[in-house]
Amino acid sequence: MTNLTSRTAIVTGGGSGLGMAIGHALHEAGAEVVLVGRESKKLSAATASLGDRARWEICDVTNQESVAALAAALNDTEVSILVNSAGVPGPVAALTDISLEEWDQVFDVNVRGTFLMCREFLPGMIERAAGDIINIASVSGKRPLAHRTPYCASKMAVIGLTSTLAFEVGRAGVCVNTLSPGPVSGPRMERNFRLEAERSGGSVADAELAFVSRAALGRMVTETEVGSAVIAMLGMSGLCGADIDLSGGMIA
């Protein structure tokens, strides 16, 4: 396993789901981990499960003052890994039925939040000529997914942000990459299957089958597999500007 001892990692959306799984993987690899999110109860529980070398901080990644306050709280910490995992799934509906507020919420968290966190923590990495940023996107940013336009568009934006940013800061010693999971088993996908079933009039089981039947492995990936992929990417010297597909062979 990649040894991350002496490195400090921030993980946004770290109180649950993918963020928490990624935090656990980083901690197991030896990193000091800072879990970031908006809910203190979830963050406290997630941090307690890690034990030592872990802390949590409240931050709304959509708010530049909150992100600046996070940076101030970590002023004495050399952050060399940033994983932008905070994200929202958005509505499951036809585009014509999506409100402006719903659209903006998805882009605020998934895109604006990634931008603000990168902008805040890049200067220190550039100054030290070393650092890694991994932005969590999705295969849904690269293939059609009916009734999920805000989510798909936002994740494609994250991929574009990542590839361009890699060229801006790569020669300064900072590697920026995207990890694009396919459907990940857990509460979020259960919620999506339920909403799709309600929309289509079918069953939740049918909605799930429609997803997994498009994967070469015939299943969704797990949160643990996503965490392991982050560690693998950090151990791949020369990986910069890449978009890694972790979908079990998901196709459109």
# chains A, B, ... in the order shown; residues from 1 in each chain; ligands from 1

call {"tool": "residues_around", "arguments": {"residues": "Ala146 (chain A)", "least_positions_apart": "2", "cutoff": "9 Å", "atoms": "only C-alpha atoms", "output": "count of residues only"}}
result
6

call {"tool": "residues_around", "arguments": {"residues": "Gly249 (chain A)", "least_positions_apart": "2", "cutoff": "6 Å", "atoms": "only C-alpha atoms", "output": "PyMOL selection string"}}
result
chain A and resi 215-216+247

call {"tool": "write_last_selection", "arguments": {"atoms": "C-alpha atoms", "output": "mmCIF file, in the first residue's frame"}}
result
data_model
loop_
_atom_site.group_PDB
_atom_site.id
_atom_site.type_symbol
_atom_site.label_atom_id
_atom_site.label_comp_id
_atom_site.auth_asym_id
_atom_site.auth_seq_id
_atom_site.Cartn_x
_atom_site.Cartn_y
_atom_site.Cartn_z
ATOM 1 C CA ALA A 215 -21.737 -2.799 -15.914
ATOM 2 C CA ALA A 216 -19.244 -5.423 -17.070
ATOM 3 C CA SER A 247 -17.331 1.884 -12.599
#

call {"tool": "residues_around", "arguments": {"residues": "Thr162 (chain A)", "least_positions_apart": "2", "cutoff": "9 Å", "atoms": "only C-alpha atoms", "output": "number ranges by chain"}}
result
A: 133-135, 157-160, 164-167, 176-178, 241-243

call {"tool": "closest_atom_pairs", "arguments": {"of": "region 19-103 of chain A", "to": "region 186-191 of chain A", "cutoff": "12 Å", "atoms": "only C-alpha atoms", "output": "tab-separated table"}}
result
residue	atom	partner	partner_atom	distance
A:Ala21	CA	A:Gly186	CA	11.6
A:Gly87	CA	A:Arg188	CA	10.8
A:Val88	CA	A:Arg188	CA	9.2
A:Pro89	CA	A:Arg188	CA	7.7
A:Gly90	CA	A:Arg188	CA	10.5
A:Pro91	CA	A:Arg191	CA	10.6
A:Val92	CA	A:Arg191	CA	9.8

call {"tool": "select_by_dssp", "arguments": {"residues": "region 80-251 of chain A", "states": "strand (DSSP E)", "output": "MDAnalysis selection string"}}
result
chainID A and resid 80:84 131:136 174:181 243:246

call {"tool": "atom_distance", "arguments": {"atom1": "CA of Val184 (chain A)", "atom2": "CA of Ala229 (chain A)"}}
result
13.1 Å

call {"tool": "closest_residue", "arguments": {"among": "A:Leu246, A:Met233, A:Leu145, A:Ile10", "to": "Val83 (chain A)", "atoms": "only C-alpha atoms"}}
result
A:Ile10

call {"tool": "atom_distance", "arguments": {"atom1": "CA of Glu198 (chain A)", "atom2": "CA of Ser140 (chain A)"}}
result
20.7 Å

call {"tool": "residues_around", "arguments": {"residues": "region 5-8 of chain A", "least_positions_apart": "3", "cutoff": "6 Å", "atoms": "only C-alpha atoms", "output": "list in words"}}
result
Gly30, Ala31, Glu32, Val33, Val79 and Ser80 of chain A

call {"tool": "closest_residue", "arguments": {"among": "A:His147, A:Cys175, A:Gly113, A:Ile58", "to": "Glu196 (chain A)", "atoms": "only C-alpha atoms"}}
result
A:His147

call {"tool": "atom_distance", "arguments": {"atom1": "CA of Gly19 (chain A)", "atom2": "CA of Val204 (chain A)"}}
result
25.5 Å

call {"tool": "residues_around", "arguments": {"residues": "Leu179 (chain A)", "least_positions_apart": "6", "cutoff": "6 Å", "atoms": "only C-alpha atoms", "output": "ChimeraX atom specification"}}
result
/A:136-137,243-244

call {"tool": "closest_residue", "arguments": {"among": "A:Glu39, A:Gly170, A:Asn84, A:Asn192", "to": "Ala130 (chain A)", "atoms": "only C-alpha atoms"}}
result
A:Gly170

call {"tool": "closest_residue", "arguments": {"among": "A:Ile126, A:Val61, A:Ser16, A:Leu70", "to": "Ala45 (chain A)", "atoms": "only C-alpha atoms"}}
result
A:Ser16

call {"tool": "closest_residue", "arguments": {"among": "A:Asp108, A:Cys59, A:Ala207, A:Gly124", "to": "Asp76 (chain A)", "atoms": "only C-alpha atoms"}}
result
A:Gly124
